[in-house]
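Source file: protein-v3.tsv. Holds: TSV, C-alpha atoms.
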```tsv
chain	number	residue	atom	x	y	z
V	1	MET	CA	-93.20	69.16	76.66
V	2	PRO	CA	-96.38	67.34	75.56
V	3	THR	CA	-99.40	67.71	77.83
V	4	LEU	CA	-101.41	64.58	78.72
V	5	ILE	CA	-104.85	64.97	80.31
V	6	ALA	CA	-107.37	62.39	81.55
V	7	ALA	CA	-110.73	63.76	80.41
V	8	ASP	CA	-113.76	63.18	78.19
V	9	ALA	CA	-113.38	64.34	74.58
V	10	ARG	CA	-116.81	65.97	74.92
V	11	HIS	CA	-115.81	68.05	77.94
V	12	LEU	CA	-112.26	69.31	77.54
V	13	PRO	CA	-110.57	71.25	80.36
V	14	LEU	CA	-109.12	73.67	77.81
V	15	ALA	CA	-109.64	77.36	77.11
V	16	ASP	CA	-111.57	78.63	74.11
V	17	ALA	CA	-109.77	79.12	70.79
V	18	GLY	CA	-106.38	77.82	71.89
V	19	VAL	CA	-105.83	74.79	69.62
V	20	ASP	CA	-104.72	75.01	65.99
V	21	LEU	CA	-105.53	71.49	64.80
V	22	VAL	CA	-107.37	68.36	65.95
V	23	VAL	CA	-106.05	65.05	64.66
V	24	THR	CA	-107.76	62.00	66.09
V	25	SER	CA	-109.14	58.51	65.64
V	26	PRO	CA	-112.11	57.88	67.98
V	27	PRO	CA	-113.12	54.35	68.95
V	28	TYR	CA	-115.14	52.86	66.11
V	29	TRP	CA	-118.73	51.90	66.71
V	30	LYS	CA	-119.14	48.42	68.23
V	31	LYS	CA	-115.56	47.45	67.40
V	32	ARG	CA	-113.96	47.20	70.83
V	33	ASP	CA	-115.07	47.62	74.43
V	34	TYR	CA	-112.28	49.35	76.36
V	35	GLY	CA	-114.07	48.82	79.67
V	36	VAL	CA	-114.02	52.51	80.61
V	37	ASP	CA	-117.11	54.24	81.98
V	38	GLY	CA	-118.45	56.86	79.57
V	39	GLN	CA	-116.47	55.55	76.61
V	40	LEU	CA	-117.50	56.36	73.07
V	41	GLY	CA	-118.22	53.51	70.64
V	42	GLN	CA	-120.63	51.33	72.64
V	43	GLU	CA	-123.84	53.22	71.80
V	44	THR	CA	-126.78	50.97	70.96
V	45	THR	CA	-127.36	52.39	67.46
V	46	PRO	CA	-125.32	54.07	64.71
V	47	ALA	CA	-127.40	57.21	65.26
V	48	GLY	CA	-126.40	57.26	68.93
V	49	TYR	CA	-122.73	56.90	68.01
V	50	VAL	CA	-122.91	59.72	65.47
V	51	ALA	CA	-124.69	61.93	68.01
V	52	ALA	CA	-121.84	61.33	70.47
V	53	LEU	CA	-119.30	62.29	67.80
V	54	MET	CA	-121.26	65.46	67.07
V	55	ASP	CA	-121.03	66.36	70.77
V	56	CYS	CA	-117.27	65.94	70.41
V	57	LEU	CA	-117.13	68.15	67.32
V	58	THR	CA	-119.12	70.86	69.08
V	59	GLU	CA	-116.59	70.87	71.90
V	60	TRP	CA	-113.64	70.80	69.49
V	61	ARG	CA	-115.05	73.79	67.64
V	62	ARG	CA	-114.96	75.68	70.94
V	63	VAL	CA	-111.28	75.01	71.61
V	64	LEU	CA	-110.12	75.51	68.00
V	65	THR	CA	-108.76	78.83	66.81
V	66	PRO	CA	-110.78	80.56	64.05
V	67	THR	CA	-108.44	79.00	61.44
V	68	GLY	CA	-108.31	75.56	63.09
V	69	SER	CA	-109.67	72.37	61.56
V	70	VAL	CA	-110.18	68.66	62.26
V	71	PHE	CA	-108.71	65.54	60.65
V	72	LEU	CA	-111.02	62.75	61.80
V	73	ASN	CA	-110.15	59.10	61.09
V	74	VAL	CA	-113.40	57.15	61.20
V	75	GLY	CA	-113.99	53.54	60.20
V	76	ASP	CA	-117.10	51.56	59.40
V	77	THR	CA	-118.62	48.48	61.05
V	78	TRP	CA	-120.49	45.44	59.74
V	79	HIS	CA	-123.71	45.13	61.70
V	80	ARG	CA	-126.29	42.45	60.97
V	81	ARG	CA	-124.40	41.52	57.77
V	82	SER	CA	-124.45	45.07	56.42
V	83	LEU	CA	-122.06	47.98	56.63
V	84	ALA	CA	-123.51	50.56	59.01
V	85	GLY	CA	-122.37	53.47	56.83
V	86	ILE	CA	-120.79	55.31	59.76
V	87	PRO	CA	-118.49	57.64	57.77
V	88	GLY	CA	-121.35	58.82	55.55
V	89	ARG	CA	-123.57	59.39	58.57
V	90	VAL	CA	-120.83	61.44	60.22
V	91	GLU	CA	-120.31	63.50	57.08
V	92	ALA	CA	-124.03	64.32	56.81
V	93	ALA	CA	-124.35	65.20	60.50
V	94	ALA	CA	-121.23	67.36	60.40
V	95	ALA	CA	-122.54	69.24	57.37
V	96	ASP	CA	-125.84	69.84	59.17
V	97	ALA	CA	-123.84	71.22	62.10
V	98	GLY	CA	-122.10	73.76	59.88
V	99	TRP	CA	-118.80	72.04	59.15
V	100	LEU	CA	-117.31	71.99	55.65
V	101	LEU	CA	-116.07	68.62	54.40
V	102	ARG	CA	-113.00	69.74	52.47
V	103	ASN	CA	-111.66	66.25	51.80
V	104	ARG	CA	-112.65	62.64	52.22
V	105	ILE	CA	-109.17	61.15	52.30
V	106	VAL	CA	-108.87	57.43	51.62
V	107	TRP	CA	-106.36	55.71	53.90
V	108	ALA	CA	-105.43	52.71	51.74
V	109	LYS	CA	-103.63	49.64	53.11
V	110	THR	CA	-102.16	46.61	51.36
V	111	ARG	CA	-102.54	44.56	54.54
V	112	GLY	CA	-104.81	44.55	57.56
V	113	MET	CA	-106.40	42.42	60.24
V	114	PRO	CA	-107.26	38.83	59.21
V	115	ASP	CA	-110.84	38.55	58.07
V	116	PRO	CA	-112.65	35.19	58.18
V	117	ALA	CA	-115.53	36.30	55.93
V	118	LYS	CA	-116.14	34.07	52.89
V	119	ASP	CA	-118.84	36.10	51.13
V	120	ARG	CA	-117.30	39.59	50.91
V	121	LEU	CA	-113.91	41.22	50.39
V	122	ALA	CA	-111.68	42.11	53.31
V	123	ASN	CA	-111.65	45.82	54.09
V	124	ARG	CA	-108.41	47.58	53.20
V	125	TYR	CA	-109.27	51.25	53.52
V	126	GLU	CA	-110.64	53.80	55.95
V	127	TYR	CA	-111.59	57.46	55.68
V	128	VAL	CA	-109.92	60.54	57.11
V	129	LEU	CA	-112.39	63.43	57.02
V	130	HIS	CA	-111.01	66.95	56.90
V	131	LEU	CA	-113.62	69.15	58.54
V	132	THR	CA	-113.18	72.92	58.50
V	133	ARG	CA	-114.86	76.25	58.82
V	134	ARG	CA	-114.82	78.83	56.03
V	135	ASN	CA	-111.22	79.98	56.59
V	136	TYR	CA	-108.56	77.57	57.80
V	137	HIS	CA	-104.80	77.17	57.81
V	138	TYR	CA	-103.53	74.92	55.02
V	139	ASP	CA	-99.97	74.33	53.81
V	140	LEU	CA	-100.37	72.39	50.59
V	141	PHE	CA	-96.99	73.57	49.28
V	142	GLY	CA	-95.07	72.17	52.25
V	143	TYR	CA	-97.00	68.92	52.09
V	144	ALA	CA	-96.53	68.57	48.33
V	145	GLU	CA	-92.76	69.06	48.68
V	146	ARG	CA	-92.67	65.87	50.76
V	147	HIS	CA	-95.37	63.79	49.11
V	148	GLY	CA	-95.99	65.04	45.60
V	149	ASN	CA	-92.78	66.30	44.00
V	150	GLY	CA	-94.32	69.76	44.09
V	151	ALA	CA	-97.66	68.73	42.56
V	152	ASN	CA	-100.92	68.22	44.42
V	153	PRO	CA	-100.57	64.58	45.61
V	154	GLY	CA	-104.26	63.75	45.78
V	155	ASP	CA	-106.56	62.30	48.41
V	156	VAL	CA	-105.43	58.67	48.63
V	157	TRP	CA	-102.86	57.97	51.35
V	158	HIS	CA	-101.05	54.63	51.08
V	159	ILE	CA	-100.00	54.01	54.68
V	160	GLU	CA	-99.57	50.63	56.33
V	161	PRO	CA	-101.08	50.10	59.81
V	162	GLU	CA	-98.76	49.98	62.79
V	163	ARG	CA	-98.68	47.28	65.41
V	164	GLY	CA	-100.35	48.22	68.67
V	165	LEU	CA	-98.39	49.00	71.82
V	166	GLY	CA	-99.20	46.75	74.77
V	167	PRO	CA	-102.91	46.11	75.28
V	168	HIS	CA	-103.93	49.02	73.04
V	169	LEU	CA	-104.44	47.50	69.60
V	170	ALA	CA	-105.71	50.43	67.53
V	171	PRO	CA	-103.36	50.71	64.52
V	172	PHE	CA	-103.44	54.51	64.12
V	173	PRO	CA	-100.13	55.24	62.30
V	174	VAL	CA	-97.79	58.11	63.09
V	175	GLU	CA	-97.46	58.77	59.35
V	176	LEU	CA	-101.16	59.52	59.06
V	177	ALA	CA	-100.93	62.08	61.86
V	178	ARG	CA	-97.74	63.48	60.37
V	179	ARG	CA	-99.46	64.22	57.06
V	180	ALA	CA	-102.44	65.87	58.73
V	181	ILE	CA	-100.14	68.09	60.82
V	182	LEU	CA	-98.08	69.10	57.80
V	183	LEU	CA	-101.25	70.18	56.03
V	184	GLY	CA	-103.26	71.74	58.82
V	185	CYS	CA	-101.12	72.95	61.72
V	186	PRO	CA	-99.13	76.20	61.40
V	187	ARG	CA	-95.43	76.18	62.16
V	188	ASP	CA	-95.90	79.07	64.58
V	189	VAL	CA	-98.57	81.54	65.63
V	190	CYS	CA	-98.38	85.11	66.92
V	191	THR	CA	-99.35	85.29	70.59
V	192	ILE	CA	-100.53	88.90	70.12
V	193	CYS	CA	-102.75	88.88	67.01
V	194	GLY	CA	-103.22	85.13	66.45
V	195	LEU	CA	-101.95	85.16	62.85
V	196	SER	CA	-99.98	82.12	61.74
V	197	SER	CA	-96.78	82.33	59.72
V	198	LYS	CA	-97.21	81.38	56.07
V	199	ARG	CA	-94.67	80.44	53.46
V	200	ILE	CA	-93.31	83.04	51.07
V	201	ILE	CA	-92.86	81.13	47.83
V	202	ALA	CA	-90.80	82.12	44.80
V	203	ARG	CA	-90.31	80.43	41.46
V	204	THR	CA	-86.79	79.24	40.65
V	205	GLY	CA	-85.09	78.36	37.38
V	206	GLU	CA	-84.81	74.70	38.36
V	207	LEU	CA	-86.60	72.07	36.32
V	208	ASP	CA	-87.48	68.44	36.94
V	209	GLU	CA	-84.56	66.67	35.30
V	210	SER	CA	-86.47	63.38	35.21
V	211	ARG	CA	-88.48	64.80	32.31
V	212	PRO	CA	-86.74	64.62	28.88
V	213	GLN	CA	-88.29	67.95	27.80
V	214	ALA	CA	-86.95	69.65	30.90
V	215	ARG	CA	-83.45	68.24	30.37
V	216	ARG	CA	-83.46	69.46	26.77
V	217	ALA	CA	-84.62	72.93	27.85
V	218	MET	CA	-81.76	73.15	30.35
V	219	GLN	CA	-79.23	72.03	27.72
V	220	LEU	CA	-80.41	74.69	25.27
V	221	ALA	CA	-80.38	77.39	27.95
V	222	LYS	CA	-76.81	76.52	28.93
V	223	ALA	CA	-75.62	76.40	25.33
V	224	ALA	CA	-77.14	79.83	24.65
V	225	GLY	CA	-75.66	81.33	27.80
V	226	LEU	CA	-79.05	82.38	29.14
V	227	THR	CA	-78.93	84.14	32.51
V	228	ALA	CA	-81.22	84.00	35.52
V	229	GLU	CA	-82.66	87.30	34.25
V	230	HIS	CA	-83.61	85.62	30.97
V	231	ILE	CA	-85.44	82.83	32.81
V	232	ALA	CA	-87.21	85.33	35.07
V	233	ALA	CA	-88.32	87.26	31.98
V	234	ILE	CA	-89.83	84.10	30.48
V	235	GLN	CA	-91.71	83.48	33.70
V	236	ALA	CA	-92.85	87.11	33.83
V	237	THR	CA	-94.36	87.06	30.36
V	238	GLY	CA	-95.67	83.50	30.52
V	239	ILE	CA	-96.81	81.31	27.66
V	240	SER	CA	-99.29	83.83	26.28
V	241	ASP	CA	-97.16	86.94	26.90
V	242	ALA	CA	-100.05	88.29	28.98
V	243	GLY	CA	-97.73	88.92	31.91
V	244	LYS	CA	-97.82	86.81	35.05
V	245	ALA	CA	-95.41	88.52	37.45
V	246	LEU	CA	-96.59	91.94	38.51
V	247	VAL	CA	-93.30	92.61	40.27
V	248	VAL	CA	-91.62	93.13	36.89
V	249	GLN	CA	-94.48	94.93	35.20
V	250	THR	CA	-94.90	98.65	34.68
V	251	GLY	CA	-97.81	100.59	36.08
V	252	THR	CA	-99.72	100.10	32.85
V	253	GLY	CA	-99.97	96.36	33.48
V	254	ARG	CA	-97.44	95.53	30.78
V	255	ASN	CA	-93.98	94.10	31.23
V	256	SER	CA	-91.16	96.59	30.96
V	257	ALA	CA	-89.30	96.87	27.67
V	258	GLU	CA	-86.21	95.21	29.17
V	259	VAL	CA	-88.20	92.23	30.40
V	260	GLN	CA	-89.80	91.87	26.98
V	261	ARG	CA	-86.40	92.03	25.30
V	262	LEU	CA	-84.89	89.36	27.55
V	263	ALA	CA	-87.91	87.11	27.10
V	264	ALA	CA	-87.70	87.43	23.32
V	265	GLU	CA	-84.00	86.50	23.38
V	266	ALA	CA	-84.66	83.48	25.56
V	267	LYS	CA	-87.56	82.25	23.48
V	268	GLN	CA	-85.50	82.60	20.31
V	269	ALA	CA	-82.78	80.40	21.84
V	270	LEU	CA	-85.12	77.83	23.34
V	271	GLY	CA	-87.81	77.55	20.71
V	272	GLY	CA	-90.83	75.69	22.03
V	273	TYR	CA	-88.84	74.48	25.04
V	274	PHE	CA	-89.20	77.91	26.66
V	275	ARG	CA	-92.50	76.64	28.06
V	276	GLU	CA	-90.61	74.33	30.41
V	277	PHE	CA	-89.31	77.32	32.36
V	278	THR	CA	-92.79	78.70	32.95
V	279	PHE	CA	-93.38	75.61	35.11
V	280	ALA	CA	-90.08	75.70	36.98
V	281	ARG	CA	-89.96	74.55	40.58
V	282	LYS	CA	-90.91	76.87	43.40
V	283	GLN	CA	-89.23	77.10	46.78
V	284	THR	CA	-89.82	78.61	50.19
V	285	VAL	CA	-87.77	81.78	50.55
V	286	GLY	CA	-89.13	82.92	53.91
V	287	TRP	CA	-92.13	83.18	56.22
V	288	THR	CA	-94.61	85.96	56.77
V	289	ASP	CA	-94.18	88.01	59.95
V	290	CYS	CA	-96.90	90.15	61.48
V	291	GLY	CA	-94.21	92.14	63.30
V	292	HIS	CA	-95.47	91.69	66.86
V	293	GLY	CA	-92.56	89.46	67.82
V	294	GLY	CA	-94.28	86.94	70.10
V	295	LEU	CA	-94.52	83.49	68.52
V	296	ARG	CA	-95.59	80.09	69.83
V	297	PRO	CA	-95.49	76.72	68.07
V	298	GLY	CA	-98.67	75.46	66.48
V	299	ILE	CA	-100.75	73.36	68.90
V	300	VAL	CA	-102.11	69.91	67.99
V	301	LEU	CA	-104.85	68.24	70.03
V	302	ASP	CA	-105.79	64.56	69.99
V	303	PRO	CA	-108.92	64.09	72.14
V	304	PHE	CA	-108.61	60.28	71.83
V	305	SER	CA	-104.87	60.16	72.27
V	306	GLY	CA	-104.44	56.45	73.02
V	307	THR	CA	-100.76	55.53	72.89
V	308	GLY	CA	-99.72	58.89	71.49
V	309	SER	CA	-99.27	58.42	67.73
V	310	THR	CA	-100.43	61.97	67.03
V	311	GLY	CA	-98.19	63.26	69.79
V	312	ALA	CA	-95.14	61.50	68.35
V	313	ALA	CA	-95.76	63.18	64.99
V	314	ALA	CA	-96.43	66.59	66.56
V	315	VAL	CA	-93.23	66.56	68.64
V	316	GLU	CA	-91.20	65.38	65.64
V	317	LEU	CA	-92.49	68.32	63.59
V	318	GLY	CA	-91.84	70.91	66.27
V	319	ARG	CA	-95.46	71.47	67.26
V	320	ARG	CA	-96.90	71.55	70.77
V	321	TYR	CA	-99.08	68.58	71.68
V	322	ILE	CA	-102.08	68.07	73.96
V	323	GLY	CA	-103.25	64.49	74.36
V	324	VAL	CA	-106.59	63.77	76.01
V	325	ASP	CA	-107.95	60.33	76.82
V	326	LEU	CA	-110.69	59.07	79.09
V	327	ASP	CA	-108.49	56.14	80.13
V	328	PRO	CA	-105.46	57.23	82.22
V	329	ALA	CA	-103.80	53.90	81.43
V	330	CYS	CA	-103.26	55.11	77.86
V	331	HIS	CA	-101.14	57.98	79.14
V	332	ALA	CA	-98.92	55.50	80.96
V	333	LEU	CA	-98.17	53.97	77.56
V	334	ALA	CA	-97.87	57.28	75.72
V	335	ALA	CA	-95.63	59.19	78.14
V	336	PRO	CA	-92.44	57.13	77.64
V	337	ARG	CA	-93.01	57.13	73.90
V	338	LEU	CA	-93.32	60.91	73.79
V	339	ALA	CA	-90.36	61.42	76.12
V	340	GLY	CA	-88.21	59.40	73.76
V	341	GLN	CA	-88.94	61.71	70.85
V	342	ARG	CA	-86.58	64.53	70.01
V	343	PRO	CA	-88.15	67.57	68.27
V	344	ALA	CA	-86.91	68.11	64.74
V	345	LEU	CA	-86.79	71.35	62.83
V	346	ALA	CA	-90.28	72.56	61.94
V	347	ALA	CA	-91.44	71.62	58.46
```

Just dump the structure as structure tokens.
Amino acid sequence: MPTLIAADARHLPLADAGVDLVVTSPPYWKKRDYGVDGQLGQETTPAGYVAALMDCLTEWRRVLTPTGSVFLNVGDTWHRRSLAGIPGRVEAAAADAGWLLRNRIVWAKTRGMPDPAKDRLANRYEYVLHLTRRNYHYDLFGYAERHGNGANPGDVWHIEPERGLGPHLAPFPVELARRAILLGCPRDVCTICGLSSKRIIARTGELDESRPQARRAMQLAKAAGLTAEHIAAIQATGISDAGKALVVQTGTGRNSAEVQRLAAEAKQALGGYFREFTFARKQTVGWTDCGHGGLRPGIVLDPFSGTGSTGAAAVELGRRYIGVDLDPACHALAAPRLAGQRPALAA
């Protein structure tokens, strides 16, 4: 079950090194007064706001595992007719504090709140900063399967805002949290050694049939009666015949004679189309196992949990969720929402 806690994001009642990922959207500077004592976002200056966020990041570093990271959605504010530059200030302060900015993700929207301004364009994007330490869990393959057809999908996320629930108007979308969790939170973690399970990936003989070259390569392979062993031999030798797959190479670093023979046959049948099979799709064939036997789901923390968007995504993806908010009224909105979710199979 999700855990909901009324507490300050700068002083979490959590043990050290127990959280795998932080996904959150703090109140933006001078955007909205939630009327809660000690709230973040009402500091008198941008510098004061950034300092408060740095206090949060220091505390989050404490509760994160050594391979944990932070996806931080932070927006900007017009102040005295100028953008305050909040995201850039946060990036610089985080770097000074020892964090690595691995991505500045652009959350792009085709619609947003009405804007009465007549002398500037309406804002239709925000940033999601991925802040890490040197080593961190990252599942690009699993994410790319959903959002990039196997290729690296890039750092622009086209996600429409969601309508607020009740009096809480912040449009933090579940889809944004879902993507961050897919990338940064392990499916499960060993309770003995702390290692997370990672995908074991193998190349297949399947090609992207939407590409004419790939379709032609598959037609030629079928007509020539090429076997799975022929395709594997092509992939072992690669385009330059330098040898990519050590599992089929001899101890001298060269492919075995049989692999070379099969590759030559396949290339003779396919001509230049053999290259298509060197870029065949990959798939997950298993997960690493440290052998200790005790596993727990990955744990996602949202220190500004609001109405529970991050929690909804975490539960859906089979992760454990901890939601913290200074305002207990938010938990009253989030609890029914989270209770209505049914965990799906882990991604």

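Take CA of Thr65 (chain V) and CA of Leu301 (chain V): the distance between them is 11.7 Å.
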
Item to check | Atomic distance CA of Pro328 (chain V) - CA of Gly38 (chain V), expressed in Å with one decimal | outcome: 13.3 Å

Checklist entry - What's the 8 Å shell around Gly18 (chain V), counting all atoms listed in the file, without same-chain residues fewer than 6 positions away, as a PyMOL selection string? => result chain V and resi 63-65+299

Counting only C-alpha atoms, which residues of region 104-158 of chain V fall within 10 Å of region 77-91 of chain V, and what is the closest atom pair for each with its distance in Å at one decimal, ordered by chain and rising number, as a tab-separated table?
```
residue	atom	partner	partner_atom	distance
V:Arg104	CA	V:Glu91	CA	9.1
V:Glu126	CA	V:Pro87	CA	8.9
V:Tyr127	CA	V:Pro87	CA	7.2
V:Val128	CA	V:Pro87	CA	9.1
V:Leu129	CA	V:Glu91	CA	7.9
V:His130	CA	V:Glu91	CA	9.9
V:Leu131	CA	V:Glu91	CA	8.9
```

How would the residues just picked look written out with C-alpha atoms as a tab-separated table (two decimals), in the coordinates of the input?
```tsv
chain	number	residue	atom	x	y	z
V	104	ARG	CA	-112.65	62.64	52.22
V	126	GLU	CA	-110.64	53.80	55.95
V	127	TYR	CA	-111.59	57.46	55.68
V	128	VAL	CA	-109.92	60.54	57.11
V	129	LEU	CA	-112.39	63.43	57.02
V	130	HIS	CA	-111.01	66.95	56.90
V	131	LEU	CA	-113.62	69.15	58.54
```

Checklist entry - So how many Å separate CA of Glu206 (chain V) and CA of Phe279 (chain V), to one decimal? => result 9.2 Å

I'd like the contact shell of Thr284 (chain V) - 12 Å cut-off, all atoms listed in the file, skipping same-chain residues fewer than 3 positions apart - returned as a PDB file with C-alpha atoms, keeping the file's coordinate frame.
```
ATOM      1  CA  ASP V 139     -99.970  74.330  53.810  1.00  0.00           C
ATOM      2  CA  PHE V 141     -96.990  73.570  49.280  1.00  0.00           C
ATOM      3  CA  GLY V 142     -95.070  72.170  52.250  1.00  0.00           C
ATOM      4  CA  GLU V 145     -92.760  69.060  48.680  1.00  0.00           C
ATOM      5  CA  GLY V 150     -94.320  69.760  44.090  1.00  0.00           C
ATOM      6  CA  LYS V 198     -97.210  81.380  56.070  1.00  0.00           C
ATOM      7  CA  ARG V 199     -94.670  80.440  53.460  1.00  0.00           C
ATOM      8  CA  ILE V 200     -93.310  83.040  51.070  1.00  0.00           C
ATOM      9  CA  ILE V 201     -92.860  81.130  47.830  1.00  0.00           C
ATOM     10  CA  ALA V 202     -90.800  82.120  44.800  1.00  0.00           C
ATOM     11  CA  ARG V 203     -90.310  80.430  41.460  1.00  0.00           C
ATOM     12  CA  THR V 204     -86.790  79.240  40.650  1.00  0.00           C
ATOM     13  CA  ARG V 281     -89.960  74.550  40.580  1.00  0.00           C
ATOM     14  CA  TRP V 287     -92.130  83.180  56.220  1.00  0.00           C
ATOM     15  CA  THR V 288     -94.610  85.960  56.770  1.00  0.00           C
ATOM     16  CA  ALA V 347     -91.440  71.620  58.460  1.00  0.00           C
TER      17      ALA V 347
END
```

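Using only C-alpha atoms, the smallest distance between any of V:Ala232, V:Ile5, V:Val19, V:Val259 and Arg319 (chain V) comes from V:Val19.
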
Next on the checklist: Using only C-alpha atoms, which protein or nucleic acid residues come within 10 Å of Gly35 (chain V)? Drop anything in the same chain fewer than 4 positions from it, and give the result as JSON, numbers by chain.
Outcome noted: {"V": [39, 42, 327]}

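Of the listed residues (V:Ala93, V:Leu207, V:Val324, V:Leu338), V:Val324 comes nearest to Ala6 (chain V); the distances count all atoms listed in the file.
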
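For the choices V:Met218, V:Asp76, V:Phe277, V:Val174, the atom-to-atom distance to Thr237 (chain V) is smallest for V:Phe277 when using all atoms listed in the file.
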
Checklist entry - In terms of the shortest atom-to-atom distance over all atoms listed in the file, which of V:Pro2, V:Ser197, V:Tyr143, V:Ala329 is closest to Gly286 (chain V)? => result V:Ser197
